[in-house]
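Participant: File follows, entry-v7.txt with compact mmCIF, C-alpha atoms:
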```txt
# COMPACT_ATOMS: atom_id res chain seq x y z
CA PHE A 1 58.28 -62.33 -56.82
CA HIS A 2 60.80 -59.93 -58.29
CA ALA A 3 64.46 -59.50 -58.63
CA ALA A 4 66.33 -58.93 -55.47
CA ARG A 5 65.16 -61.91 -53.45
CA ARG A 6 68.26 -63.02 -51.58
CA GLY A 7 69.62 -66.33 -52.85
CA VAL A 8 67.76 -66.41 -56.17
CA THR A 9 69.85 -64.94 -58.96
CA LEU A 10 67.68 -63.57 -61.77
CA ARG A 11 69.25 -63.41 -65.21
CA PRO A 12 68.82 -60.28 -67.33
CA MET A 13 66.54 -60.94 -70.29
CA PRO A 14 63.37 -59.53 -71.90
CA GLN A 15 60.59 -59.13 -69.34
CA SER A 16 57.80 -61.68 -69.65
CA ASN A 17 54.34 -62.06 -68.18
CA ALA A 18 54.44 -65.81 -68.77
CA THR A 19 53.37 -68.16 -66.00
CA VAL A 20 53.94 -71.83 -65.28
CA HIS A 21 51.89 -74.51 -63.55
CA THR A 22 52.87 -75.01 -59.92
CA ALA A 23 53.50 -78.67 -60.80
CA LEU A 24 56.82 -77.59 -62.34
CA LEU A 25 57.93 -76.31 -58.95
CA ARG A 26 56.42 -79.23 -57.02
CA VAL A 27 58.43 -81.82 -58.94
CA ALA A 28 61.68 -79.90 -58.37
CA LEU A 29 60.97 -79.48 -54.66
CA GLY A 30 60.11 -83.17 -54.35
CA GLY A 31 63.44 -84.15 -55.87
CA ALA A 32 65.28 -81.68 -53.64
CA ARG A 33 63.63 -83.07 -50.51
CA GLN A 34 64.76 -86.59 -51.42
CA LEU A 35 68.31 -85.23 -51.41
CA GLY A 36 67.79 -83.75 -47.95
CA LEU A 37 67.61 -80.09 -48.99
CA ASP A 38 65.73 -77.57 -46.84
CA THR A 39 63.05 -76.55 -49.33
CA GLU A 40 60.73 -75.01 -46.72
CA ARG A 41 63.35 -72.41 -45.81
CA LEU A 42 63.87 -71.63 -49.50
CA LEU A 43 60.13 -71.12 -50.08
CA ALA A 44 59.87 -68.89 -47.02
CA ARG A 45 62.82 -66.81 -48.20
CA ILE A 46 61.25 -66.05 -51.58
CA GLY A 47 57.74 -65.59 -50.22
CA VAL A 48 55.93 -68.55 -51.82
CA ALA A 49 53.24 -69.96 -49.54
CA PRO A 50 53.32 -73.79 -49.38
CA THR A 51 49.51 -73.82 -49.77
CA LEU A 52 49.89 -72.36 -53.27
CA LEU A 53 51.84 -75.42 -54.37
CA HIS A 54 48.87 -77.68 -53.62
CA GLN A 55 46.35 -75.79 -55.74
CA PRO A 56 45.42 -78.11 -58.65
CA ASP A 57 45.72 -75.35 -61.25
CA GLY A 58 47.91 -72.82 -59.43
CA ARG A 59 50.34 -70.74 -61.48
CA LEU A 60 53.49 -68.78 -60.68
CA PRO A 61 55.64 -66.31 -62.65
CA LYS A 62 57.75 -68.25 -65.14
CA GLN A 63 60.98 -66.44 -64.28
CA LEU A 64 60.62 -67.23 -60.58
CA VAL A 65 60.15 -70.96 -61.19
CA HIS A 66 62.98 -71.18 -63.73
CA ASP A 67 65.36 -69.44 -61.33
CA LEU A 68 64.30 -71.76 -58.53
CA TRP A 69 65.11 -74.75 -60.75
CA ARG A 70 68.57 -73.25 -61.26
CA GLU A 71 69.05 -72.75 -57.55
CA LEU A 72 67.77 -76.20 -56.56
CA THR A 73 70.01 -77.84 -59.16
CA GLU A 74 72.99 -75.94 -57.77
CA MET A 75 72.04 -76.69 -54.15
CA SER A 76 71.74 -80.39 -54.94
CA GLY A 77 75.32 -80.58 -56.16
CA ASP A 78 74.07 -83.22 -58.61
CA GLY A 79 74.62 -82.53 -62.30
CA ALA A 80 71.90 -85.06 -63.17
CA PHE A 81 69.31 -83.51 -60.81
CA GLY A 82 66.70 -83.08 -63.57
CA LEU A 83 67.01 -86.70 -64.72
CA LYS A 84 66.57 -88.04 -61.20
CA VAL A 85 63.54 -85.82 -60.62
CA ALA A 86 61.95 -87.15 -63.83
CA GLN A 87 62.38 -90.75 -62.69
CA GLU A 88 60.63 -89.97 -59.41
CA THR A 89 57.83 -87.75 -60.76
CA PRO A 90 54.51 -89.41 -59.80
CA GLU A 91 52.04 -90.23 -62.56
CA GLY A 92 49.48 -87.47 -63.09
CA THR A 93 51.59 -84.72 -61.49
CA THR A 94 51.13 -82.35 -64.43
CA GLY A 95 47.35 -82.59 -64.47
CA VAL A 96 44.70 -83.00 -67.17
CA ALA A 97 47.16 -82.44 -70.02
CA GLU A 98 49.18 -85.44 -68.87
CA TYR A 99 46.10 -87.64 -68.55
CA ALA A 100 45.02 -86.65 -72.06
CA ALA A 101 48.43 -87.75 -73.38
CA ARG A 102 48.48 -90.98 -71.35
CA ASN A 103 45.13 -92.02 -72.81
CA SER A 104 46.00 -91.30 -76.43
CA PRO A 105 45.82 -94.32 -78.77
CA THR A 106 49.47 -94.22 -79.94
CA MET A 107 52.79 -92.76 -78.88
CA ARG A 108 52.51 -90.30 -81.79
CA ALA A 109 49.09 -89.10 -80.61
CA ALA A 110 50.45 -88.79 -77.06
CA LEU A 111 53.36 -86.60 -78.19
CA GLN A 112 51.00 -84.51 -80.31
CA SER A 113 48.87 -84.02 -77.19
CA VAL A 114 51.95 -82.90 -75.24
CA VAL A 115 52.62 -80.33 -77.97
CA ARG A 116 49.02 -79.11 -77.98
CA TYR A 117 48.84 -78.54 -74.23
CA SER A 118 52.43 -77.53 -73.48
CA ARG A 119 51.38 -73.97 -72.58
CA LEU A 120 49.33 -75.31 -69.68
CA LEU A 121 52.54 -76.39 -68.01
CA ASN A 122 54.74 -73.50 -69.14
CA ASP A 123 53.29 -70.49 -70.93
CA ALA A 124 56.71 -69.58 -72.36
CA ALA A 125 57.60 -73.09 -73.54
CA ARG A 126 57.41 -74.19 -77.13
CA ILE A 127 57.41 -77.93 -77.70
CA GLU A 128 57.32 -79.10 -81.30
CA LEU A 129 57.08 -82.52 -82.96
CA THR A 130 58.61 -82.72 -86.44
CA GLU A 131 58.70 -85.86 -88.56
CA VAL A 132 61.30 -85.96 -91.33
CA GLY A 133 62.13 -89.16 -93.15
CA MET A 134 62.28 -91.99 -90.63
CA THR A 135 62.98 -89.71 -87.67
CA ALA A 136 60.69 -87.74 -85.35
CA ARG A 137 62.15 -84.83 -83.38
CA MET A 138 60.56 -83.60 -80.16
CA SER A 139 62.09 -80.22 -79.35
CA TYR A 140 61.82 -77.93 -76.34
CA ARG A 141 62.70 -74.25 -76.08
CA VAL A 142 61.69 -71.22 -74.01
CA VAL A 143 60.75 -68.25 -76.17
CA ASP A 144 62.26 -65.51 -74.01
CA ASP A 145 65.28 -67.38 -72.66
CA PRO A 146 68.09 -68.41 -75.03
CA LEU A 147 69.58 -70.76 -72.41
CA PRO A 148 66.84 -72.20 -70.15
CA ALA A 149 67.46 -73.72 -66.73
CA ARG A 150 69.65 -76.80 -67.14
CA GLY A 151 67.82 -79.00 -64.64
CA LEU A 152 64.43 -78.11 -66.08
CA CYS A 153 65.52 -78.88 -69.65
CA ASP A 154 66.85 -82.25 -68.49
CA TRP A 155 63.58 -82.96 -66.69
CA VAL A 156 61.46 -82.14 -69.77
CA LEU A 157 63.42 -84.44 -72.11
CA ALA A 158 63.65 -87.20 -69.51
CA HIS A 159 59.97 -86.89 -68.58
CA ILE A 160 58.95 -87.24 -72.24
CA THR A 161 61.18 -90.29 -72.70
CA HIS A 162 60.17 -91.94 -69.43
CA GLY A 163 56.51 -91.25 -70.17
CA ALA A 164 56.80 -92.85 -73.61
CA CYS A 165 58.19 -96.01 -72.01
CA THR A 166 55.45 -96.07 -69.39
CA ILE A 167 52.43 -95.64 -71.68
CA THR A 168 53.64 -98.00 -74.42
CA GLN A 169 54.94 -100.56 -71.92
CA GLN A 170 58.06 -100.78 -74.09
CA GLN A 171 61.71 -99.90 -73.56
CA ILE A 172 61.94 -96.80 -75.76
CA VAL A 173 65.54 -95.95 -76.66
CA PRO A 174 65.80 -92.60 -78.50
CA VAL A 175 67.84 -92.17 -81.67
CA SER A 176 69.69 -89.30 -80.01
CA VAL A 177 69.23 -86.54 -77.43
CA SER A 178 70.51 -82.96 -77.77
CA PHE A 179 71.02 -80.39 -75.01
CA GLN A 180 71.62 -76.66 -75.17
CA HIS A 181 73.77 -76.79 -72.06
CA THR A 182 77.37 -77.96 -71.79
CA ALA A 183 78.33 -81.53 -70.97
CA PRO A 184 78.24 -82.31 -67.23
CA ALA A 185 81.36 -83.26 -65.32
CA ASP A 186 79.97 -86.79 -65.14
CA PRO A 187 77.87 -87.73 -68.20
CA ARG A 188 77.37 -91.34 -67.09
CA PRO A 189 73.88 -90.79 -65.56
CA TYR A 190 72.74 -89.34 -68.91
CA ALA A 191 74.19 -92.31 -70.81
CA ARG A 192 72.48 -94.77 -68.45
CA PHE A 193 69.12 -93.01 -68.65
CA PHE A 194 68.86 -92.36 -72.41
CA GLN A 195 71.12 -95.19 -73.71
CA CYS A 196 71.73 -93.33 -76.99
CA PRO A 197 74.15 -90.79 -78.49
CA LEU A 198 74.16 -87.49 -76.57
CA LYS A 199 74.96 -84.08 -78.02
CA TRP A 200 75.92 -80.99 -75.99
CA ASN A 201 76.02 -77.24 -76.75
CA GLN A 202 73.29 -77.64 -79.35
CA PRO A 203 70.97 -74.88 -80.64
CA ILE A 204 67.92 -76.59 -79.15
CA ASN A 205 66.92 -79.23 -76.60
CA GLU A 206 65.63 -82.24 -78.49
CA VAL A 207 64.91 -85.95 -78.20
CA CYS A 208 64.72 -87.93 -81.45
CA PHE A 209 62.68 -91.08 -81.94
CA THR A 210 62.03 -93.31 -84.94
CA ARG A 211 58.70 -93.01 -86.71
CA GLN A 212 58.24 -96.71 -86.04
CA GLN A 213 58.38 -95.98 -82.31
CA LEU A 214 55.70 -93.33 -82.76
CA ASP A 215 53.40 -95.98 -84.24
CA LEU A 216 53.48 -97.99 -80.98
CA LYS A 217 50.08 -98.50 -79.37
CA VAL A 218 49.17 -97.37 -75.86
CA PRO A 219 47.66 -100.57 -74.38
CA ALA A 220 45.89 -98.96 -71.42
CA ALA A 221 44.48 -95.97 -73.34
CA ASP A 222 40.88 -95.10 -72.52
CA PRO A 223 39.29 -93.13 -75.40
CA HIS A 224 36.44 -91.85 -73.24
CA LEU A 225 38.86 -90.58 -70.57
CA GLU A 226 41.03 -89.03 -73.30
CA GLU A 227 38.03 -87.15 -74.68
CA LEU A 228 37.06 -85.91 -71.21
CA MET A 229 40.61 -84.82 -70.35
CA ARG A 230 41.02 -83.04 -73.70
CA HIS A 231 37.77 -81.20 -73.05
CA TYR A 232 39.00 -79.91 -69.68
CA ALA A 233 42.48 -79.18 -71.07
CA ASP A 234 40.99 -77.14 -73.93
CA GLN A 235 38.97 -75.15 -71.40
CA GLN A 236 42.10 -74.40 -69.37
CA LEU A 237 44.00 -73.49 -72.52
CA SER A 238 41.30 -71.00 -73.53
CA ARG A 239 41.66 -69.23 -70.17
CA LEU A 240 45.37 -68.57 -70.62
CA PRO A 241 46.31 -65.09 -71.85
CA LYS A 242 46.95 -64.78 -75.54
CA SER A 243 50.59 -64.98 -76.66
CA GLY A 244 52.51 -61.70 -76.44
CA ASP A 245 52.12 -58.75 -78.78
CA PHE A 246 54.37 -58.07 -81.77
CA ILE A 247 57.06 -56.30 -79.74
CA GLU A 248 57.24 -59.20 -77.28
CA GLN A 249 57.46 -61.65 -80.19
CA VAL A 250 60.37 -59.70 -81.70
CA SER A 251 62.16 -59.67 -78.32
CA ALA A 252 61.68 -63.41 -77.98
CA ALA A 253 62.93 -64.08 -81.51
CA VAL A 254 66.04 -61.94 -80.92
CA ALA A 255 66.73 -63.82 -77.66
CA GLU A 256 66.53 -67.13 -79.53
CA VAL A 257 68.92 -66.23 -82.37
CA LEU A 258 71.41 -64.76 -79.87
CA VAL A 259 72.36 -68.36 -79.14
CA HIS A 260 74.14 -68.37 -82.52
CA GLY A 261 75.81 -64.96 -82.19
CA ALA A 262 74.82 -61.41 -83.16
CA PRO A 263 71.25 -61.49 -84.55
CA ARG A 264 70.57 -60.57 -88.18
CA LEU A 265 67.26 -59.20 -89.46
CA ASP A 266 66.64 -62.14 -91.80
CA ASP A 267 67.29 -64.62 -88.96
CA VAL A 268 64.75 -62.88 -86.73
CA ALA A 269 62.20 -62.70 -89.55
CA ARG A 270 62.65 -66.41 -90.31
CA ARG A 271 62.16 -67.29 -86.64
CA MET A 272 58.90 -65.30 -86.64
CA ALA A 273 57.78 -66.88 -89.94
CA LEU A 274 57.78 -63.51 -91.69
CA SER A 275 60.08 -64.51 -94.53
```
Do you think you could lay out the structure here as structure tokens?
Facilitator:
Amino acid sequence: FHAARRGVTLRPMPQSNATVHTALLRVALGGARQLGLDTERLLARIGVAPTLLHQPDGRLPKQLVHDLWRELTEMSGDGAFGLKVAQETPEGTTGVAEYAARNSPTMRAALQSVVRYSRLLNDAARIELTEVGMTARMSYRVVDDPLPARGLCDWVLAHITHGACTITQQQIVPVSVSFQHTAPADPRPYARFFQCPLKWNQPINEVCFTRQQLDLKVPAADPHLEELMRHYADQQLSRLPKSGDFIEQVSAAVAEVLVHGAPRLDDVARRMALS
């Protein structure tokens, strides 16, 4: 799955052994097919067997999948590709981790479950929930990529927001949504989807809710199913490789602070929680 596959442009960055769940590729391919794109030819060109995509817990190299999201977004010619994919993503696509979240008792517990099991979907992703004052911030970043795939970032934030609406059976309007990428040529699909202030060229991808929204109940939650799904998700989590060694962590931290310019030692140390 390496570099010089024709048609997939790999971006120079620290090498990573991270993997992602095949569901991340399935949802992108599903959206591309709805737009009439020839996804089978693309898969054949890069050497990914279609049968691999149907394995319940199949995994692929993270860099390959992120680059395919970039290519599919470009092929679609639709700046809001990730948002549209999120709206059409079938329930349960991302496996046991999703079912654990959907059966949590509150929206807060569901988001905490998403944080806990985020590595099952993307081994290089870091999703964090931070509550400060009356606001709760759900952030998404990729540890070894200072500017992750635009369409994928959009899908993550939209999938979280759409999922919150679905499980609470409420119209959840975020306080604000921030994107690392630049504003699209046509921001109207973003405004229609999120219905809140949008911020571009930000240090991190983030959707903000109120703490009151996090207190909302999940009417259809099944505590027994949640316990079962968490059990299986914990088993899958334990089988993932441990996070990278110290050198890999330093490389990832440097990549993150590069977003803000030339990295300084104290910035890197702060990112790694060493100061």
Participant: Would you mind listing what lies within 9 Å of A:Glu88 as a VMD selection string, with only C-alpha atoms counted and same-chain residues fewer than 6 positions away left out?
Facilitator: chain A and resid 27 30 to 31
Participant: Select, counting only C-alpha atoms, all protein, DNA and RNA residues no farther than 12 Å from (56.2, -89.1, -60.4) in file coordinates, and express the selection as a ChimeraX atom specification.
Facilitator: /A:23-24,26-28,30-31,83-95,98,155,158-159,162-163,166
Participant: Identify which of the residues A:Ser113, A:Thr73, A:Asn122, A:Thr106 lies closest to A:Leu35, counting all atoms listed in the file when measuring atom-to-atom distances.
Facilitator: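 For A:Leu35, the nearest of the given residues is A:Thr73.
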Participant: List the spatial neighbours of A:Arg126 as a count of residues only - criterion: any atom at most 8 Å away, all atoms listed in the file, same-chain residues fewer than 5 positions off excluded.
Facilitator: 8
Participant: Taking (51.4, -70.1, -65.0) in the file's own coordinates, collect the residues within 7 Å, counting all atoms listed in the file, and hand them back as an MDAnalysis selection string.
Facilitator: chainID A and resid 18:21 59:62 122:123
Participant: Under the rule that only C-alpha atoms are counted, which of A:Met138, A:Ala149, A:Leu228, A:Leu53 is the nearest residue to A:Trp69?
Facilitator: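 Selected residue with least distance to A:Trp69: A:Ala149.
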Participant: Which neighbours of A:Asp38 fall inside 10 Å, counting only C-alpha atoms, when residues of the same chain fewer than 5 positions from it are skipped, and could you give them as a compact mmCIF listing (two decimals) with C-alpha atoms, in the frame of the given file?
Facilitator:
```
# COMPACT_ATOMS: atom_id res chain seq x y z
CA LEU A 29 60.97 -79.48 -54.66
CA ALA A 32 65.28 -81.68 -53.64
CA ARG A 33 63.63 -83.07 -50.51
CA LEU A 43 60.13 -71.12 -50.08
CA MET A 75 72.04 -76.69 -54.15
```
Participant: Report, as lines of an AutoDock Vina configuration file, the axis-aligned box around all atoms of stretch 150-157 of chain A present in the file, extended by 5 Å on each side; give centre and edge lengths in Å to one decimal place.
Facilitator:
```
center_x = 65.6
center_y = -80.6
center_z = -68.4
size_x = 18.2
size_y = 17.6
size_z = 17.5
```
Participant: Could you check the closest approach to A:Ala164 for each of A:Thr182, A:Asn205, A:Gln195, A:Ser104 and tell me which residue wins, using only C-alpha atoms?
Facilitator: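 Comparing A:Thr182, A:Asn205, A:Gln195, A:Ser104 against A:Ala164, the winner is A:Ser104.
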Participant: Could you tell me which of A:Val175, A:Ala101, A:Ala124, A:Ala49 comes closest to A:Asn17 if we count only C-alpha atoms?
Facilitator: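 For A:Asn17, the nearest of the candidates is A:Ala124.
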Participant: Determine, counting all atoms listed in the file, which protein, DNA and RNA residues have an atom within 12 Å of an atom of A:Arg192; residues of the same chain fewer than 4 positions away are not included. Present the result as a list of chain:residue names.
Facilitator: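 Neighbouring residues, sequence-local ones excluded: A:Ala80, A:Leu83, A:Lys84, A:Ala158, A:Val173, A:Asp186, A:Pro187, A:Arg188, A:Cys196, A:Pro197, A:Leu198.
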Participant: Closest to A:Leu216 among A:Leu37, A:Ile46, A:Val114, A:Met107, using only C-alpha atoms?
Facilitator: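 Under the stated criterion, the closest residue is A:Met107.
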Participant: Pick from A:Ile167, A:Leu42, A:Leu157, A:Leu64: nearest to A:Phe193, with all atoms listed in the file counted?
Facilitator: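 Checking each of A:Ile167, A:Leu42, A:Leu157, A:Leu64 against A:Phe193, counting all atoms listed in the file, the winner is A:Leu157.
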